[in-house]
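Q: Below is the file structure00.txt, with compact mmCIF, C-alpha atoms.
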# COMPACT_ATOMS: atom_id res chain seq x y z
CA MET A 10 7.47 -30.76 -47.47
CA LYS A 11 8.37 -34.30 -48.50
CA ASN A 12 11.85 -35.68 -47.83
CA VAL A 13 12.45 -36.05 -51.55
CA ASP A 14 11.60 -32.35 -52.10
CA VAL A 15 14.01 -31.36 -49.34
CA ARG A 16 16.75 -33.47 -50.93
CA GLN A 17 16.10 -31.84 -54.31
CA LYS A 18 16.23 -28.40 -52.72
CA VAL A 19 19.52 -29.23 -50.99
CA LEU A 20 21.01 -30.52 -54.25
CA ALA A 21 19.76 -27.47 -56.18
CA ALA A 22 21.38 -25.12 -53.61
CA ASN A 23 24.58 -27.15 -53.95
CA GLU A 24 24.45 -26.82 -57.75
CA ARG A 25 24.30 -23.04 -57.45
CA ALA A 26 27.28 -22.99 -55.08
CA ALA A 27 29.16 -25.40 -57.36
CA ALA A 28 28.54 -23.13 -60.37
CA GLN A 29 30.13 -20.24 -58.44
CA LEU A 30 33.12 -22.43 -57.60
CA ARG A 31 33.43 -23.43 -61.24
CA ARG A 32 33.58 -19.78 -62.30
CA ARG A 33 36.19 -19.11 -59.64
CA PHE A 34 38.34 -22.06 -60.79
CA ALA A 35 38.02 -20.92 -64.43
CA THR A 36 39.18 -17.41 -63.54
CA SER A 37 42.13 -18.67 -61.50
CA GLU A 38 42.94 -21.40 -64.08
CA THR A 39 42.91 -24.08 -61.42
CA LEU A 40 42.40 -27.72 -62.33
CA VAL A 41 40.25 -29.37 -59.64
CA VAL A 42 40.11 -33.11 -58.98
CA ASN A 43 37.60 -34.60 -56.51
CA LEU A 44 38.88 -37.91 -55.06
CA ILE A 45 36.17 -40.33 -53.85
CA SER A 46 36.53 -43.77 -52.27
CA SER A 47 35.71 -46.00 -49.31
CA PRO A 48 37.49 -45.26 -46.03
CA GLY A 49 41.05 -46.56 -46.19
CA SER A 50 41.32 -47.02 -49.97
CA GLY A 51 44.43 -44.88 -49.98
CA LYS A 52 43.38 -41.37 -51.09
CA THR A 53 45.85 -39.65 -48.75
CA SER A 54 48.62 -42.13 -49.61
CA LEU A 55 48.12 -41.59 -53.35
CA LEU A 56 48.44 -37.83 -52.81
CA GLU A 57 51.54 -38.33 -50.67
CA ALA A 58 53.07 -40.37 -53.50
CA SER A 59 52.08 -38.09 -56.38
CA VAL A 60 52.03 -34.50 -55.12
CA PRO A 61 55.87 -34.28 -54.84
CA ARG A 62 56.04 -35.11 -58.57
CA LEU A 63 53.14 -32.88 -59.68
CA ARG A 64 54.22 -29.79 -57.77
CA ARG A 65 57.12 -29.34 -60.16
CA GLU A 66 54.57 -28.40 -62.82
CA ALA A 67 51.87 -26.58 -60.88
CA ARG A 68 51.14 -24.92 -57.57
CA VAL A 69 49.27 -27.68 -55.74
CA ALA A 70 47.00 -27.56 -52.69
CA VAL A 71 44.68 -30.04 -50.99
CA LEU A 72 41.37 -29.83 -49.14
CA VAL A 73 40.57 -32.92 -47.07
CA GLY A 74 37.12 -33.87 -45.80
CA ASP A 75 36.55 -35.99 -42.71
CA ILE A 76 33.96 -36.51 -40.01
CA ALA A 77 36.57 -36.04 -37.30
CA THR A 78 40.37 -35.61 -36.77
CA GLU A 79 42.82 -33.34 -38.62
CA ARG A 80 45.11 -36.26 -39.32
CA ASP A 81 44.99 -36.30 -43.13
CA ALA A 82 45.63 -32.56 -43.50
CA GLU A 83 48.59 -32.94 -41.12
CA ARG A 84 50.00 -35.77 -43.25
CA LEU A 85 49.60 -33.74 -46.46
CA GLY A 86 50.88 -30.52 -44.87
CA ARG A 87 54.18 -32.32 -44.31
CA LEU A 88 54.64 -32.28 -48.10
CA GLY A 89 55.06 -28.51 -47.80
CA ILE A 90 51.85 -27.63 -49.66
CA PRO A 91 48.74 -25.83 -48.43
CA ALA A 92 46.54 -28.57 -46.94
CA ARG A 93 43.39 -27.74 -45.06
CA GLN A 94 41.05 -30.09 -43.21
CA ILE A 95 37.29 -29.71 -43.61
CA LEU A 96 35.44 -31.30 -40.71
CA THR A 97 31.87 -32.08 -41.72
CA GLY A 98 30.53 -32.53 -38.20
CA GLY A 99 28.89 -35.81 -39.06
CA ALA A 100 27.90 -35.26 -42.70
CA CYS A 101 28.89 -38.10 -45.01
CA HIS A 102 30.16 -35.90 -47.87
CA LEU A 103 31.57 -32.48 -48.73
CA ASP A 104 29.34 -29.87 -50.34
CA ALA A 105 30.18 -26.86 -52.50
CA ARG A 106 29.54 -24.30 -49.76
CA LEU A 107 31.89 -26.08 -47.35
CA VAL A 108 34.56 -26.13 -50.05
CA ALA A 109 34.08 -22.41 -50.85
CA ARG A 110 34.37 -21.48 -47.18
CA HIS A 111 37.66 -23.38 -46.85
CA LEU A 112 39.25 -21.79 -49.93
CA GLU A 113 39.58 -18.41 -48.25
CA GLY A 114 43.03 -16.97 -47.71
CA ASP A 115 46.03 -16.16 -49.87
CA GLU A 116 47.56 -19.61 -50.00
CA PHE A 117 44.49 -20.98 -51.82
CA SER A 118 44.18 -18.07 -54.25
CA ARG A 119 46.61 -18.81 -57.11
CA LEU A 120 46.62 -22.55 -57.58
CA GLY A 121 47.35 -24.58 -60.68
CA LEU A 122 45.97 -27.79 -59.22
CA LEU A 123 43.58 -28.42 -56.34
CA PHE A 124 42.87 -31.90 -55.03
CA ILE A 125 39.74 -32.32 -52.94
CA GLU A 126 39.94 -35.52 -50.91
CA ASN A 127 36.31 -36.25 -50.08
CA VAL A 128 34.96 -37.97 -46.94
CA GLY A 129 35.62 -41.74 -47.04
CA ASN A 130 32.35 -42.96 -48.53
CA LEU A 131 31.45 -44.53 -51.87
CA ILE A 132 27.87 -43.29 -51.88
CA CYS A 133 27.02 -39.82 -50.54
CA PRO A 134 29.83 -37.75 -52.14
CA THR A 135 28.72 -38.92 -55.59
CA SER A 136 25.70 -36.57 -55.76
CA TYR A 137 27.45 -33.40 -54.61
CA ASP A 138 29.11 -31.35 -57.34
CA LEU A 139 32.06 -29.42 -55.88
CA GLY A 140 32.76 -27.44 -59.06
CA GLU A 141 35.49 -29.94 -59.91
CA HIS A 142 36.64 -30.75 -63.43
CA PHE A 143 37.00 -34.45 -62.73
CA LYS A 144 35.81 -36.98 -60.21
CA VAL A 145 38.30 -39.78 -59.60
CA ALA A 146 37.25 -42.99 -57.83
CA LEU A 147 39.76 -45.10 -55.90
CA LEU A 148 39.26 -48.81 -55.28
CA SER A 149 41.83 -50.86 -53.36
CA VAL A 150 42.38 -54.49 -54.36
CA THR A 151 41.58 -55.54 -50.79
CA GLU A 152 37.99 -54.28 -51.13
CA GLY A 153 37.06 -56.87 -53.72
CA ASP A 154 36.39 -56.94 -57.44
CA ASP A 155 32.60 -56.69 -57.15
CA LYS A 156 32.48 -53.03 -56.14
CA PRO A 157 31.82 -51.13 -59.43
CA PHE A 158 28.48 -52.88 -60.01
CA LYS A 159 27.59 -52.56 -56.30
CA TYR A 160 28.30 -48.82 -56.31
CA PRO A 161 27.40 -47.82 -59.88
CA GLY A 162 26.79 -44.15 -59.02
CA ILE A 163 30.41 -43.25 -58.46
CA PHE A 164 32.00 -45.67 -60.92
CA SER A 165 29.78 -44.45 -63.76
CA ARG A 166 30.56 -40.77 -63.03
CA ALA A 167 34.31 -40.97 -62.33
CA SER A 168 36.52 -39.87 -65.23
CA ALA A 169 39.15 -42.26 -63.88
CA THR A 170 39.10 -45.25 -61.54
CA VAL A 171 42.41 -45.76 -59.77
CA ILE A 172 42.96 -49.29 -58.47
CA THR A 173 45.19 -48.92 -55.40
CA LYS A 174 47.39 -51.24 -53.29
CA ILE A 175 48.30 -53.49 -56.22
CA ASP A 176 51.36 -54.56 -54.19
CA LEU A 177 48.82 -56.69 -52.25
CA LEU A 178 47.38 -58.31 -55.40
CA GLU A 179 49.13 -61.62 -54.86
CA HIS A 180 47.66 -61.94 -51.35
CA VAL A 181 43.99 -61.38 -52.20
CA ASP A 182 41.35 -62.64 -54.64
CA PHE A 183 40.90 -59.71 -56.96
CA ASP A 184 40.13 -60.14 -60.64
CA LEU A 185 41.37 -56.99 -62.36
CA GLU A 186 39.77 -58.04 -65.65
CA ALA A 187 36.37 -58.33 -63.96
CA VAL A 188 36.75 -54.77 -62.70
CA ARG A 189 37.83 -53.59 -66.15
CA GLU A 190 34.68 -55.11 -67.65
CA GLN A 191 32.40 -53.52 -65.04
CA ILE A 192 33.99 -50.11 -65.57
CA SER A 193 33.75 -50.35 -69.34
CA THR A 194 30.05 -51.25 -69.01
CA LEU A 195 29.27 -48.44 -66.56
CA ASN A 196 31.54 -45.83 -68.06
CA PRO A 197 32.91 -46.63 -71.53
CA GLY A 198 34.96 -43.41 -71.71
CA GLY A 199 36.50 -43.75 -68.26
CA SER A 200 40.18 -44.44 -67.61
CA LEU A 201 41.37 -47.33 -65.45
CA LEU A 202 44.75 -47.00 -63.72
CA THR A 203 46.54 -49.38 -61.37
CA THR A 204 48.81 -48.08 -58.62
CA SER A 205 50.69 -48.89 -55.47
CA SER A 206 51.54 -45.87 -53.38
CA ARG A 207 53.80 -48.15 -51.35
CA SER A 208 55.98 -49.53 -54.16
CA GLY A 209 55.43 -46.54 -56.46
CA GLU A 210 54.17 -48.76 -59.28
CA GLY A 211 51.76 -46.92 -61.56
CA VAL A 212 52.18 -43.58 -59.77
CA ASP A 213 53.90 -42.02 -62.79
CA ALA A 214 51.03 -43.06 -65.05
CA TRP A 215 48.56 -41.50 -62.59
CA CYS A 216 50.64 -38.30 -62.55
CA ASP A 217 50.65 -38.35 -66.37
CA TRP A 218 46.85 -38.64 -66.35
CA VAL A 219 46.66 -35.51 -64.19
CA ARG A 220 49.39 -33.71 -66.20
CA ALA A 221 47.53 -34.30 -69.48
CA ARG A 222 44.45 -32.56 -68.04
CA LEU A 223 46.58 -29.81 -66.53
CA SER A 224 48.24 -29.03 -69.86
CA VAL A 225 44.90 -28.96 -71.71
CA ARG A 226 43.66 -26.36 -69.23
CA MET A 227 46.82 -24.30 -69.42
CA SER A 228 46.92 -24.32 -73.22
CA SER A 229 43.20 -23.40 -73.43
CA GLY A 230 43.64 -20.56 -70.98
CA GLY A 231 41.53 -22.10 -68.20
CA MET B 11 10.77 -26.83 -42.82
CA LYS B 12 14.49 -26.79 -42.16
CA ASN B 13 16.70 -29.67 -43.27
CA VAL B 14 17.61 -30.46 -39.69
CA ASP B 15 13.90 -30.71 -38.76
CA VAL B 16 13.32 -33.08 -41.66
CA ARG B 17 16.23 -35.24 -40.54
CA GLN B 18 14.86 -35.35 -37.00
CA LYS B 19 11.42 -36.30 -38.34
CA VAL B 20 12.94 -39.08 -40.45
CA LEU B 21 14.91 -40.40 -37.48
CA ALA B 22 11.85 -40.22 -35.19
CA ALA B 23 9.79 -42.22 -37.72
CA ASN B 24 12.62 -44.73 -37.88
CA GLU B 25 12.67 -45.01 -34.06
CA ARG B 26 8.97 -45.90 -34.06
CA ALA B 27 9.47 -48.57 -36.72
CA ALA B 28 12.53 -49.88 -34.83
CA ALA B 29 10.50 -50.15 -31.61
CA GLN B 30 7.97 -52.33 -33.47
CA LEU B 31 10.78 -54.52 -34.78
CA ARG B 32 12.22 -54.82 -31.27
CA ARG B 33 8.86 -56.07 -29.95
CA ARG B 34 8.65 -58.54 -32.80
CA PHE B 35 12.16 -59.86 -32.12
CA ALA B 36 11.37 -60.16 -28.37
CA THR B 37 8.23 -62.18 -29.11
CA SER B 38 10.03 -64.48 -31.54
CA GLU B 39 13.12 -64.71 -29.27
CA THR B 40 15.41 -63.71 -32.13
CA LEU B 41 18.86 -62.28 -31.44
CA VAL B 42 19.57 -59.56 -34.02
CA VAL B 43 23.05 -58.33 -34.95
CA ASN B 44 23.55 -55.31 -37.25
CA LEU B 45 26.90 -55.51 -39.08
CA ILE B 46 28.35 -52.16 -40.19
CA SER B 47 31.60 -51.42 -42.05
CA SER B 48 33.20 -49.79 -45.08
CA PRO B 49 32.65 -51.44 -48.46
CA GLY B 50 34.86 -54.49 -48.78
CA SER B 51 35.78 -54.92 -45.09
CA GLY B 52 34.56 -58.50 -45.23
CA LYS B 53 31.04 -58.56 -43.76
CA THR B 54 29.82 -61.22 -46.19
CA SER B 55 33.04 -63.23 -45.81
CA LEU B 56 32.77 -63.20 -42.01
CA LEU B 57 29.20 -64.51 -42.28
CA GLU B 58 30.30 -67.18 -44.77
CA ALA B 59 32.94 -68.29 -42.26
CA SER B 60 30.80 -68.20 -39.14
CA VAL B 61 27.21 -69.07 -40.11
CA PRO B 62 28.02 -72.77 -40.76
CA ARG B 63 29.24 -72.98 -37.14
CA LEU B 64 26.43 -70.92 -35.57
CA ARG B 65 23.57 -72.68 -37.34
CA ARG B 66 24.18 -75.76 -35.23
CA GLU B 67 22.86 -73.79 -32.26
CA ALA B 68 20.18 -71.58 -33.76
CA ARG B 69 18.05 -71.07 -36.83
CA VAL B 70 20.00 -68.37 -38.68
CA ALA B 71 18.96 -65.99 -41.46
CA VAL B 72 20.53 -62.95 -43.09
CA LEU B 73 19.24 -59.71 -44.58
CA VAL B 74 21.78 -57.92 -46.79
CA GLY B 75 21.62 -54.25 -47.76
CA ASP B 76 23.17 -52.87 -50.94
CA ILE B 77 22.69 -50.04 -53.40
CA ALA B 78 22.69 -52.46 -56.31
CA THR B 79 23.23 -56.18 -57.19
CA GLU B 80 21.92 -59.31 -55.44
CA ARG B 81 25.41 -60.72 -55.20
CA ASP B 82 25.80 -60.90 -51.42
CA ALA B 83 22.44 -62.59 -50.82
CA GLU B 84 23.35 -65.12 -53.51
CA ARG B 85 26.65 -65.86 -51.76
CA LEU B 86 24.94 -66.28 -48.39
CA GLY B 87 22.03 -68.28 -49.83
CA ARG B 88 24.60 -70.89 -50.87
CA LEU B 89 25.06 -71.64 -47.16
CA GLY B 90 21.53 -73.06 -47.20
CA ILE B 91 20.03 -70.38 -44.95
CA PRO B 92 17.33 -67.82 -45.72
CA ALA B 93 19.20 -64.84 -47.20
CA ARG B 94 17.37 -61.90 -48.67
CA GLN B 95 18.79 -58.87 -50.45
CA ILE B 96 17.46 -55.41 -49.64
CA LEU B 97 18.18 -52.96 -52.45
CA THR B 98 18.07 -49.41 -51.16
CA GLY B 99 17.78 -47.74 -54.55
CA GLY B 100 20.57 -45.32 -53.76
CA ALA B 101 20.16 -44.81 -50.02
CA CYS B 102 23.38 -45.13 -48.03
CA HIS B 103 21.88 -47.18 -45.16
CA LEU B 104 19.08 -49.54 -44.20
CA ASP B 105 16.15 -48.26 -42.17
CA ALA B 106 13.72 -50.07 -39.88
CA ARG B 107 10.81 -49.97 -42.33
CA LEU B 108 12.90 -51.53 -45.10
CA VAL B 109 13.95 -54.29 -42.70
CA ALA B 110 10.34 -54.91 -41.57
CA ARG B 111 9.15 -55.19 -45.16
CA HIS B 112 11.84 -57.77 -45.97
CA LEU B 113 11.07 -59.98 -42.96
CA GLU B 114 7.74 -61.10 -44.40
CA GLY B 115 7.25 -64.78 -45.17
CA ASP B 116 7.52 -68.05 -43.28
CA GLU B 117 11.25 -68.54 -43.58
CA PHE B 118 11.90 -65.37 -41.57
CA SER B 119 9.29 -66.07 -38.88
CA ARG B 120 10.94 -68.41 -36.36
CA LEU B 121 14.56 -67.40 -36.19
CA GLY B 122 17.02 -67.77 -33.33
CA LEU B 123 19.56 -65.44 -34.90
CA LEU B 124 19.23 -62.76 -37.56
CA PHE B 125 22.24 -61.01 -39.05
CA ILE B 126 21.58 -57.74 -40.83
CA GLU B 127 24.48 -56.88 -43.13
CA ASN B 128 24.12 -53.14 -43.63
CA VAL B 129 25.07 -51.13 -46.73
CA GLY B 130 28.87 -50.72 -47.00
CA ASN B 131 29.30 -47.36 -45.29
CA LEU B 132 30.91 -46.32 -41.99
CA ILE B 133 28.75 -43.22 -41.53
CA CYS B 134 25.07 -43.28 -42.53
CA PRO B 135 24.01 -46.66 -41.04
CA THR B 136 25.17 -45.54 -37.60
CA SER B 137 22.13 -43.32 -36.94
CA TYR B 138 19.45 -45.80 -38.01
CA ASP B 139 18.22 -48.17 -35.31
CA LEU B 140 17.01 -51.43 -36.91
CA GLY B 141 15.63 -52.88 -33.69
CA GLU B 142 18.86 -54.87 -33.30
CA HIS B 143 20.32 -56.03 -30.00
CA PHE B 144 23.88 -55.27 -31.02
CA LYS B 145 25.71 -53.22 -33.60
CA VAL B 146 29.01 -54.80 -34.66
CA ALA B 147 31.62 -52.75 -36.56
CA LEU B 148 34.12 -54.42 -38.88
CA LEU B 149 37.47 -52.86 -39.74
CA SER B 150 39.93 -54.58 -42.06
CA VAL B 151 43.66 -54.19 -41.42
CA THR B 152 44.09 -52.86 -44.96
CA GLU B 153 41.93 -49.80 -44.16
CA GLY B 154 44.44 -48.37 -41.69
CA ASP B 155 44.69 -48.01 -37.93
CA ASP B 156 43.39 -44.41 -37.82
CA LYS B 157 39.75 -45.24 -38.53
CA PRO B 158 38.10 -45.40 -35.06
CA PHE B 159 38.92 -41.76 -34.26
CA LYS B 160 38.00 -40.72 -37.82
CA TYR B 161 34.60 -42.43 -37.61
CA PRO B 162 33.77 -42.13 -33.89
CA GLY B 163 30.02 -42.52 -34.39
CA ILE B 164 30.08 -46.19 -35.25
CA PHE B 165 33.07 -47.23 -33.16
CA SER B 166 31.58 -45.66 -30.02
CA ARG B 167 28.22 -47.39 -30.56
CA ALA B 168 29.35 -50.85 -31.65
CA SER B 169 29.20 -53.50 -28.93
CA ALA B 170 32.06 -55.24 -30.70
CA THR B 171 34.65 -54.19 -33.24
CA VAL B 172 35.87 -57.07 -35.38
CA ILE B 173 39.25 -56.51 -36.99
CA THR B 174 39.20 -58.51 -40.25
CA LYS B 175 41.80 -59.80 -42.75
CA ILE B 176 44.50 -60.27 -40.10
CA ASP B 177 46.14 -62.74 -42.51
CA LEU B 178 47.28 -59.56 -44.34
CA LEU B 179 48.77 -57.98 -41.20
CA GLU B 180 52.37 -58.69 -42.17
CA HIS B 181 51.91 -56.92 -45.53
CA VAL B 182 50.47 -53.63 -44.26
CA ASP B 183 51.23 -50.95 -41.67
CA PHE B 184 48.51 -51.52 -39.09
CA ASP B 185 49.09 -50.94 -35.39
CA LEU B 186 46.60 -53.13 -33.56
CA GLU B 187 47.48 -51.56 -30.22
CA ALA B 188 46.70 -48.09 -31.59
CA VAL B 189 43.26 -49.36 -32.60
CA ARG B 190 42.77 -50.98 -29.19
CA GLU B 191 43.52 -47.66 -27.50
CA GLN B 192 41.12 -45.72 -29.73
CA ILE B 193 38.33 -48.23 -29.11
CA SER B 194 38.88 -48.24 -25.37
CA THR B 195 38.71 -44.41 -25.37
CA LEU B 196 35.55 -44.26 -27.51
CA ASN B 197 33.82 -47.28 -26.06
CA PRO B 198 35.33 -48.64 -22.83
CA GLY B 199 32.81 -51.51 -22.60
CA GLY B 200 33.22 -52.64 -26.22
CA SER B 201 34.80 -55.92 -27.28
CA LEU B 202 37.67 -56.09 -29.76
CA LEU B 203 38.09 -59.26 -31.80
CA THR B 204 40.62 -60.13 -34.50
CA THR B 205 39.70 -62.46 -37.36
CA SER B 206 40.67 -63.79 -40.73
CA SER B 207 37.79 -65.30 -42.67
CA ARG B 208 40.38 -66.65 -45.09
CA SER B 209 42.58 -68.57 -42.63
CA GLY B 210 39.80 -69.06 -40.06
CA GLU B 211 41.88 -67.46 -37.31
CA GLY B 212 39.69 -65.85 -34.65
CA VAL B 213 36.42 -67.02 -36.22
CA ASP B 214 35.71 -69.35 -33.27
CA ALA B 215 36.15 -66.48 -30.82
CA TRP B 216 33.74 -64.36 -32.88
CA CYS B 217 31.23 -67.24 -32.89
CA ASP B 218 31.68 -67.53 -29.11
CA TRP B 219 30.92 -63.81 -28.76
CA VAL B 220 27.65 -64.33 -30.64
CA ARG B 221 26.87 -67.60 -28.79
CA ALA B 222 27.26 -65.93 -25.38
CA ARG B 223 24.62 -63.34 -26.36
CA LEU B 224 22.40 -66.03 -27.86
CA SER B 225 22.43 -68.09 -24.67
CA VAL B 226 21.66 -65.05 -22.49
CA ARG B 227 18.59 -64.40 -24.64
CA MET B 228 17.49 -68.02 -24.60
CA SER B 229 17.92 -68.38 -20.85
CA SER B 230 16.08 -65.08 -20.19
CA GLY B 231 13.18 -66.12 -22.42
CA GLY B 232 13.79 -63.49 -25.10
Could you write out this file's structure as structure tokens?
A:
Amino acid sequence: MKNVDVRQKVLAANERAAAQLRRRFATSETLVVNLISSPGSGKTSLLEASVPRLRREARVAVLVGDIATERDAERLGRLGIPARQILTGGACHLDARLVARHLEGDEFSRLGLLFIENVGNLICPTSYDLGEHFKVALLSVTEGDDKPFKYPGIFSRASATVITKIDLLEHVDFDLEAVREQISTLNPGGSLLTTSSRSGEGVDAWCDWVRARLSVRMSSGG
Amino acid sequence: MKNVDVRQKVLAANERAAAQLRRRFATSETLVVNLISSPGSGKTSLLEASVPRLRREARVAVLVGDIATERDAERLGRLGIPARQILTGGACHLDARLVARHLEGDEFSRLGLLFIENVGNLICPTSYDLGEHFKVALLSVTEGDDKPFKYPGIFSRASATVITKIDLLEHVDFDLEAVREQISTLNPGGSLLTTSSRSGEGVDAWCDWVRARLSVRMSSGG
């Protein structure tokens, strides 16, 4: 069997598991957001800044993927929400079966909103459907303004791109307009948000983006 | 064939191609350094800052891996050295056969020093031997001080970890001592260097690290 066949088989098996997850999330009326970025772009920090605001409207939980350490789940658990670490044992992305296995138990059964913080990686997580409603890409201003065209897979698929760490904008060369142009080329319908989890700037707008999708789901009955 | 068997077969084929590269580099007396980091940690910027100093001592060239765009090779070509882009077409790492194919041609035949800037990814490139003498990991202070333990594969294998963007240290929470402890646990023999390609701080020490390995090779005849 060729490597490309094996990859297609793996992705097809993932699609089947993702379809099951999607049915489960529809039944439980859970909005699911899959956060994807480079290591250190601020996925956990954005959740720390926004979950305390969003939990007023919905029961929120988080699954966090990493190669090693339980550190991010510990940080998010301190918010008082269900937060579970998924250790991939070396794999560079989460897959739908891993997610399903980590959703067992009562505390993950009646959620309004589930964030899945993927493994820090701009490439591999892009191909693996986790049954989510939306992929969201994060890009910190310290990573440089050339990234959307260098990593078109994720930036063309993400429903929103969240620019993070804008409190550092004055200290780095980062052309926000250049990023806006790349995103609008790759993904004309995608949203672009700017945030600083440190100063709080833009966090309300990000929460509003999530709330809008939450209310659509609730009013449509899942 | 199981997925794990396929992966082992792929890695074994890569090992054979890497062994050929290693023989080639020994014959040509070329020191080869494989740079690995997250997207936007500053691999290209570190090369822009250090190549003009290192080229006084050795004929330098660069291979640059990316998913898409020729941007990094264009930036490095402006230094007046051979710089060739390797587009992986989606793959999250370089492999030895891709490197071999891109070393063809006169300008890559009599090099003293070859930098291979890998695809921006802290995970996948770790497993693929490119026939290099040293892997070097970069970690920018804006990515956070928890990364070595979260990505132990690369930080345990890298002969040096280069902390980048230290000009931003005062604007972020980054505990350099915590990183030093993680590196010394994962990789007791590894070097830790701190640099800012922007201010130039630490770039001489990084060049000295490379020079020391260059002179060992030259004095040992390859």
Q: Enclose the full set of atoms of stretch 143-151 of chain A listed in the file within a box whose edges lie along x, y and z, apply 3 Å of padding to each of the six sides, and report centre and edge lengths in Å to one decimal as lines of an AutoDock Vina configuration file.
A:
center_x = 39.1
center_y = -45.0
center_z = -56.8
size_x = 12.6
size_y = 27.1
size_z = 17.9
Q: Using only C-alpha atoms, find the one residue out of B:Asp15, B:Ala22, B:Leu57, B:Arg88 that sits nearest to B:Cys217.
A: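 So, comparing all the options, the nearest one is B:Leu57.
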Q: If you fit chain A onto chain B using every C-alpha atom, paired in order, what RMSD in Å do you get?
A: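 Result of the CA superposition: 0.0 Å.
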Q: Tell me which protein, DNA and RNA residues are within 6 Å of stretch 70-74 of chain A, counting only C-alpha atoms, leaving out same-chain ones fewer than 4 positions away, and put them as a ChimeraX atom specification.
A: /A:90-96,123-128
Q: Could you pull the residues within 12 Å of A:Gly198, counting all atoms listed in the file, minus those fewer than 4 positions along the same chain, as a list in words?
A: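 Once the adjacent positions are removed, what remains is Phe164, Ser165, Arg166, Ala167, Ser168, Ala169, Thr170, Arg189, Ile192, Ser193 and Thr194 of chain A.
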Q: Return as a PyMOL selection string the residues belonging to chain A that are within 6 Å of chain B, counting only C-alpha atoms.
A: chain A and resi 49+77-78+152-153+159
Q: So what do you get for atom CA of B:Gly212 versus atom CA of B:Phe35, distance-wise?
A: 28.3 Å
Q: If I take atom CA of A:Ser200 and atom CA of A:Ala146, how far is one from the other in Å, to one decimal?
A: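 So the two atoms, atom CA of A:Ser200 and atom CA of A:Ala146, lie 10.3 Å apart.
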Q: Kindly indicate which residue among A:Ala221, A:Val42, A:Val69, A:Ala28 lies nearest to A:Gly121, using all atoms listed in the file for the distances.
A: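 The answer is A:Val69, which sits nearest to A:Gly121.
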Q: So the first atom is atom CA of B:Pro62 and the second is atom CA of B:Leu89; what is the distance between them in Å, to one decimal place?
A: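 Here the two named atoms are 7.1 Å from each other.
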Q: Residues near B:Arg223, anyone? I mean within 12 Å using all atoms listed in the file, not counting same-chain ones fewer than 6 positions away, as a list in words.
A: Glu39, Thr40, Leu41, Val42, Val43, Ala68, Gly122, Leu123, His143, Phe144, Ser169, Ala170, Trp216, Cys217, Ser229, Ser230 and Gly232 of chain B
Q: What residues have an atom no more than 9 Å from (30.2, -69.1, -33.2) in the file's own frame, counting all atoms listed in the file, and can you write them as a list in words?
A: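 The requested residues, written out, are Ser60, Val61, Pro62, Arg63, Leu64, Arg65, Glu67, Val213, Asp214, Ala215, Trp216, Cys217, Asp218, Trp219, Val220, Arg221 and Ala222 of chain B.
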Q: Could those residues be written to a file, using C-alpha atoms, as an mmCIF file, in the coordinates of the input?
A:
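Result written to result27.cif:
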data_model
loop_
_atom_site.group_PDB
_atom_site.id
_atom_site.type_symbol
_atom_site.label_atom_id
_atom_site.label_comp_id
_atom_site.auth_asym_id
_atom_site.auth_seq_id
_atom_site.Cartn_x
_atom_site.Cartn_y
_atom_site.Cartn_z
ATOM 1 C CA SER B 60 30.800 -68.200 -39.140
ATOM 2 C CA VAL B 61 27.210 -69.070 -40.110
ATOM 3 C CA PRO B 62 28.020 -72.770 -40.760
ATOM 4 C CA ARG B 63 29.240 -72.980 -37.140
ATOM 5 C CA LEU B 64 26.430 -70.920 -35.570
ATOM 6 C CA ARG B 65 23.570 -72.680 -37.340
ATOM 7 C CA GLU B 67 22.860 -73.790 -32.260
ATOM 8 C CA VAL B 213 36.420 -67.020 -36.220
ATOM 9 C CA ASP B 214 35.710 -69.350 -33.270
ATOM 10 C CA ALA B 215 36.150 -66.480 -30.820
ATOM 11 C CA TRP B 216 33.740 -64.360 -32.880
ATOM 12 C CA CYS B 217 31.230 -67.240 -32.890
ATOM 13 C CA ASP B 218 31.680 -67.530 -29.110
ATOM 14 C CA TRP B 219 30.920 -63.810 -28.760
ATOM 15 C CA VAL B 220 27.650 -64.330 -30.640
ATOM 16 C CA ARG B 221 26.870 -67.600 -28.790
ATOM 17 C CA ALA B 222 27.260 -65.930 -25.380
#
Q: So that I can check the surroundings of B:Asp139, please list as a list in words every protein, DNA and RNA residue that reaches within 9 Å of it, counting all atoms listed in the file and ignoring chain neighbours fewer than 3 positions away.
A: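 Here the qualifying residues turn out to be Leu21, Asn24, Glu25, Ala27, Ala28, Ala29, Asp105, Ala106, Pro135, Thr136 and Glu142 of chain B.
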Q: Take the residues that were just selected and, keeping C-alpha atoms, output them as an mmCIF file, keeping the file's coordinate frame.
A:
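Just written: again37.cif:
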data_model
loop_
_atom_site.group_PDB
_atom_site.id
_atom_site.type_symbol
_atom_site.label_atom_id
_atom_site.label_comp_id
_atom_site.auth_asym_id
_atom_site.auth_seq_id
_atom_site.Cartn_x
_atom_site.Cartn_y
_atom_site.Cartn_z
ATOM 1 C CA LEU B 21 14.910 -40.400 -37.480
ATOM 2 C CA ASN B 24 12.620 -44.730 -37.880
ATOM 3 C CA GLU B 25 12.670 -45.010 -34.060
ATOM 4 C CA ALA B 27 9.470 -48.570 -36.720
ATOM 5 C CA ALA B 28 12.530 -49.880 -34.830
ATOM 6 C CA ALA B 29 10.500 -50.150 -31.610
ATOM 7 C CA ASP B 105 16.150 -48.260 -42.170
ATOM 8 C CA ALA B 106 13.720 -50.070 -39.880
ATOM 9 C CA PRO B 135 24.010 -46.660 -41.040
ATOM 10 C CA THR B 136 25.170 -45.540 -37.600
ATOM 11 C CA GLU B 142 18.860 -54.870 -33.300
#
